[in-house]
Amino acid sequence: MKSLPLRILLPGLAFGAALWLAAAPSVTGLLRQANGEVLLTSAADAGAYYRIETSDTLGQWTPFLTVRSNGNDQVLDVAAPHHGRRFYRAVEVPGTNVFTGDHLQTDSGDAILRPIGHASVVVSWNGKTLYSDPSDLNNNGPRFTGLPLADVIVVTHTHGDHFSTSRLNLLVKADTGIFAPQAVFNGMPTTNVPGLSFTLRSRTTVLANGASGSAHGMTVRAIAMYNLSNNNHPQGVGNGYVVTMGGKNLYFSGDTEGIPEMRALTNIDAAFLCMSLPSNMTVDAAASAVRQFRPRIVFPYHFAQSGTTFDTQRFKDLVGTDLGIEVRRRTFY
Ligand SMILES: [Fe+2]
């Protein structure tokens with residue numbers, strides 16, 4: 001592999017601004033890995049928020065990740081092998097409850113994609129908030145603290161690590177749009193959400209596999225999700241989802257094996273893909289499916305089950321770098 005230049009953009013300050021420098025976030029180191037990826041280290045005051053941005057030209061900066069600093073932070077830039085030159089900078093983000101996560105540029109500003117835990121994900125986009133499978137299982141409860149109420153919620157199936165009426169009750173408001181399969185609707189109470197004058201059912205649109213709906217500027221398309229080798233998730237009962245926002249397509253697999261409907265997906269910009277047994281599939285099967293439908297970015301999620309954590313590094317190795325698919329391993333547990 002050819003050697004490629006990396007640059008850290010340093011704040012252009014004169015000596016004497018020591019106090020300002022001590023508080024400002026900065027990129028402190030870049031370490032090129034054997035496969036061309038870059039391990040980036042950065043620093044800020046613990047608890048401060050900042051955004052890491054990348055640039056190939058120094059003329060235009062692309063937001064990559066918003067983080068809450070631990071003091072010294074590390075992140076792997078898996079896109080680096082596909083760029084000739086790569087510059088990095090850290091930009092302070094003022095505030096006390098900043099929405100952190102991976103940035104995805106859309107036609108209407110950045111979507112920020114944030115793991116909650118296990119199969120639960122939250123996305124902030126265009127002033128709206130999307131939740132996929134919000135559930136308190138797997139110690140998720142505290143991770144909802146400080147997050148906004150939901151504008152859109154997609155629920156894949158009835159299992160407790162995906163569907164939790166108690167968490168839905170805490171997230172809904174009068175104009176929330178919930179999308180769910182019939183079995184999830186049937187599992188919702190017929191009584192009002194505690195403290196509110198409507199039911200979860202009244203906010204829910206039932207989607208069968210292949211059907212679509214929309215709310216708050218997002219389009220939601222239900223994708224099949226089922227097992228091929230057992231009956232843990234029968235065909236036609238649950239939904240995966242493709243949610244389109246600002247021209248970008250986000251895929252949430254739910255619990256499934258690498259079914260033909262997944263493999264036939266096209267133009268997926270970011271995929272949240274399950275792996276684990278017996279609910280889903282091996283990392284080898286997940287990698288095989290990903291190499292066929294080729295999302296631009298894939299986040300392994302739902303990768304621990306029954307006390308076993310599946311090897312997302314092996315998943316990443318199997319996906320490889322030749323197709324330009326970014327495997328971003330984030331904290332889900
Ligand atoms: Fe599950």
# chains A, B, ... in the order shown; residues from 1 in each chain; ligands from 1
call {"tool": "residues_near_ligand", "arguments": {"ligand": "ligand 1", "cutoff": "9 Å", "atoms": "only C-alpha atoms and all ligand atoms", "output": "list in words"}}
result
His118, Ala119, His157, His159, Gly160, Asp161, His162, Gly254, Asp255, Thr256, Cys274, Ser276, Ser279, Asn280, His302 and Gln305 of chain A
call {"tool": "select_by_dssp", "arguments": {"residues": "stretch 75-195 of chain A", "states": "alpha helix (DSSP H)", "output": "short mmCIF file (atom, residue, chain, number, x, y, z; two decimals) with N, CA and C atoms, in the first residue's frame"}}
result
data_model
loop_
_atom_site.label_atom_id
_atom_site.label_comp_id
_atom_site.auth_asym_id
_atom_site.auth_seq_id
_atom_site.Cartn_x
_atom_site.Cartn_y
_atom_site.Cartn_z
N THR A 165 -43.36 -1.70 25.91
CA THR A 165 -44.41 -0.68 26.04
C THR A 165 -44.03 0.36 27.10
N SER A 166 -43.32 -0.07 28.13
CA SER A 166 -42.94 0.90 29.17
C SER A 166 -42.00 1.97 28.59
N ARG A 167 -41.08 1.57 27.74
CA ARG A 167 -40.18 2.57 27.14
C ARG A 167 -40.91 3.40 26.09
N LEU A 168 -41.80 2.77 25.30
CA LEU A 168 -42.58 3.54 24.33
C LEU A 168 -43.41 4.60 25.06
N ASN A 169 -44.00 4.21 26.20
CA ASN A 169 -44.80 5.18 26.97
C ASN A 169 -43.99 6.41 27.35
N LEU A 170 -42.71 6.21 27.62
CA LEU A 170 -41.85 7.33 28.04
C LEU A 170 -41.37 8.18 26.87
N LEU A 171 -41.46 7.65 25.66
CA LEU A 171 -40.91 8.36 24.49
C LEU A 171 -41.96 9.07 23.65
N GLN A 182 -48.17 -6.12 12.63
CA GLN A 182 -49.45 -6.36 13.31
C GLN A 182 -49.26 -6.97 14.69
N ALA A 183 -48.31 -7.89 14.83
CA ALA A 183 -48.13 -8.58 16.11
C ALA A 183 -47.72 -7.60 17.21
N VAL A 184 -46.94 -6.58 16.85
CA VAL A 184 -46.55 -5.57 17.84
C VAL A 184 -47.76 -4.72 18.21
N PHE A 185 -48.52 -4.31 17.21
CA PHE A 185 -49.76 -3.55 17.47
C PHE A 185 -50.65 -4.33 18.43
N ASN A 186 -50.81 -5.62 18.18
CA ASN A 186 -51.67 -6.45 19.02
C ASN A 186 -51.15 -6.52 20.46
#
call {"tool": "residues_around", "arguments": {"residues": "A:Asn70", "least_positions_apart": "6", "cutoff": "10 Å", "atoms": "only C-alpha atoms", "output": "list of chain:residue names"}}
result
A:Ser42, A:Ala43, A:Ala44, A:Asp45, A:Ala46, A:Gly47, A:Ala48, A:Tyr49
call {"tool": "residues_around", "arguments": {"residues": "A:Asn139", "least_positions_apart": "4", "cutoff": "12 Å", "atoms": "only C-alpha atoms", "output": "count of residues only"}}
result
12
call {"tool": "atom_distance", "arguments": {"atom1": "atom CA of A:Arg51", "atom2": "atom CA of A:His216"}}
result
26.2 Å
call {"tool": "closest_residue", "arguments": {"among": "A:Thr331, A:Gln60, A:Thr205, A:Ser212", "to": "A:Pro115", "atoms": "only C-alpha atoms"}}
result
A:Thr331
call {"tool": "residues_around", "arguments": {"residues": "A:Thr321", "least_positions_apart": "2", "cutoff": "10 Å", "atoms": "only C-alpha atoms", "output": "PyMOL selection string"}}
result
chain A and resi 35-37+78-79+81-82+316-319+323-327
call {"tool": "closest_residue", "arguments": {"among": "A:Ala174, A:Ala271, A:Val152, A:Val75", "to": "A:Leu113", "atoms": "only C-alpha atoms"}}
result
A:Ala271
call {"tool": "atom_distance", "arguments": {"atom1": "atom CA of A:Arg263", "atom2": "atom CA of A:Ser108"}}
result
28.2 Å
call {"tool": "decode", "arguments": {"residues": "stretch 73-138 of chain A", "atoms": "C-alpha atoms", "output": "PDB file, in the first residue's frame"}}
result
ATOM      1  CA  ASP A  73     -10.280   9.799  23.163  1.00  0.00           C
ATOM      2  CA  GLN A  74      -9.571   7.334  20.380  1.00  0.00           C
ATOM      3  CA  VAL A  75     -11.475   6.534  17.229  1.00  0.00           C
ATOM      4  CA  LEU A  76     -10.643   4.476  14.170  1.00  0.00           C
ATOM      5  CA  ASP A  77     -11.211   6.105  10.780  1.00  0.00           C
ATOM      6  CA  VAL A  78     -12.005   3.084   8.615  1.00  0.00           C
ATOM      7  CA  ALA A  79     -12.638   5.256   5.536  1.00  0.00           C
ATOM      8  CA  ALA A  80      -9.019   6.423   5.398  1.00  0.00           C
ATOM      9  CA  PRO A  81      -7.791   3.707   2.969  1.00  0.00           C
ATOM     10  CA  HIS A  82     -10.157   5.077   0.330  1.00  0.00           C
ATOM     11  CA  HIS A  83      -8.873   8.652   0.460  1.00  0.00           C
ATOM     12  CA  GLY A  84      -5.667   9.955  -1.065  1.00  0.00           C
ATOM     13  CA  ARG A  85      -4.977  12.637   1.520  1.00  0.00           C
ATOM     14  CA  ARG A  86      -6.802  13.021   4.784  1.00  0.00           C
ATOM     15  CA  PHE A  87      -6.842  15.933   7.177  1.00  0.00           C
ATOM     16  CA  TYR A  88      -8.463  15.944  10.601  1.00  0.00           C
ATOM     17  CA  ARG A  89      -9.609  18.608  13.017  1.00  0.00           C
ATOM     18  CA  ALA A  90     -11.591  18.806  16.237  1.00  0.00           C
ATOM     19  CA  VAL A  91     -14.280  21.480  16.574  1.00  0.00           C
ATOM     20  CA  GLU A  92     -15.735  22.439  19.919  1.00  0.00           C
ATOM     21  CA  VAL A  93     -19.514  21.987  20.228  1.00  0.00           C
ATOM     22  CA  PRO A  94     -20.914  24.158  22.998  1.00  0.00           C
ATOM     23  CA  GLY A  95     -23.714  22.885  25.207  1.00  0.00           C
ATOM     24  CA  THR A  96     -24.439  20.516  28.033  1.00  0.00           C
ATOM     25  CA  ASN A  97     -26.654  17.870  26.436  1.00  0.00           C
ATOM     26  CA  VAL A  98     -25.257  17.555  22.920  1.00  0.00           C
ATOM     27  CA  PHE A  99     -26.469  14.715  20.700  1.00  0.00           C
ATOM     28  CA  THR A 100     -23.412  12.549  20.033  1.00  0.00           C
ATOM     29  CA  GLY A 101     -22.755   9.936  17.368  1.00  0.00           C
ATOM     30  CA  ASP A 102     -21.733   9.252  13.791  1.00  0.00           C
ATOM     31  CA  HIS A 103     -22.618  11.887  11.202  1.00  0.00           C
ATOM     32  CA  LEU A 104     -24.265  11.075   7.904  1.00  0.00           C
ATOM     33  CA  GLN A 105     -24.682  13.960   5.496  1.00  0.00           C
ATOM     34  CA  THR A 106     -28.176  14.286   3.983  1.00  0.00           C
ATOM     35  CA  ASP A 107     -30.004  16.792   1.779  1.00  0.00           C
ATOM     36  CA  SER A 108     -31.366  18.390   4.967  1.00  0.00           C
ATOM     37  CA  GLY A 109     -28.339  18.566   7.222  1.00  0.00           C
ATOM     38  CA  ASP A 110     -26.527  15.809   9.039  1.00  0.00           C
ATOM     39  CA  ALA A 111     -28.216  12.794  10.533  1.00  0.00           C
ATOM     40  CA  ILE A 112     -26.439  11.771  13.742  1.00  0.00           C
ATOM     41  CA  LEU A 113     -26.597   8.059  14.477  1.00  0.00           C
ATOM     42  CA  ARG A 114     -26.206   6.972  18.065  1.00  0.00           C
ATOM     43  CA  PRO A 115     -26.262   3.510  19.626  1.00  0.00           C
ATOM     44  CA  ILE A 116     -28.344   3.161  22.775  1.00  0.00           C
ATOM     45  CA  GLY A 117     -27.638  -0.515  23.353  1.00  0.00           C
ATOM     46  CA  HIS A 118     -28.176  -4.015  21.920  1.00  0.00           C
ATOM     47  CA  ALA A 119     -30.872  -3.421  19.242  1.00  0.00           C
ATOM     48  CA  SER A 120     -31.840   0.112  20.289  1.00  0.00           C
ATOM     49  CA  VAL A 121     -30.675   3.047  18.167  1.00  0.00           C
ATOM     50  CA  VAL A 122     -31.579   6.737  18.098  1.00  0.00           C
ATOM     51  CA  VAL A 123     -31.070   9.131  15.187  1.00  0.00           C
ATOM     52  CA  SER A 124     -31.271  12.915  15.231  1.00  0.00           C
ATOM     53  CA  TRP A 125     -32.071  14.541  11.903  1.00  0.00           C
ATOM     54  CA  ASN A 126     -33.493  17.880  10.800  1.00  0.00           C
ATOM     55  CA  GLY A 127     -34.759  18.636  14.287  1.00  0.00           C
ATOM     56  CA  LYS A 128     -36.512  15.254  14.503  1.00  0.00           C
ATOM     57  CA  THR A 129     -35.709  12.154  16.505  1.00  0.00           C
ATOM     58  CA  LEU A 130     -36.065   8.570  15.295  1.00  0.00           C
ATOM     59  CA  TYR A 131     -35.858   5.515  17.546  1.00  0.00           C
ATOM     60  CA  SER A 132     -35.448   1.964  16.324  1.00  0.00           C
ATOM     61  CA  ASP A 133     -36.518  -0.761  18.761  1.00  0.00           C
ATOM     62  CA  PRO A 134     -36.257   1.281  21.963  1.00  0.00           C
ATOM     63  CA  SER A 135     -36.109  -1.182  24.871  1.00  0.00           C
ATOM     64  CA  ASP A 136     -34.801  -1.136  28.432  1.00  0.00           C
ATOM     65  CA  LEU A 137     -33.462  -4.682  28.343  1.00  0.00           C
ATOM     66  CA  ASN A 138     -29.705  -5.301  28.310  1.00  0.00           C
TER      67      ASN A 138
END
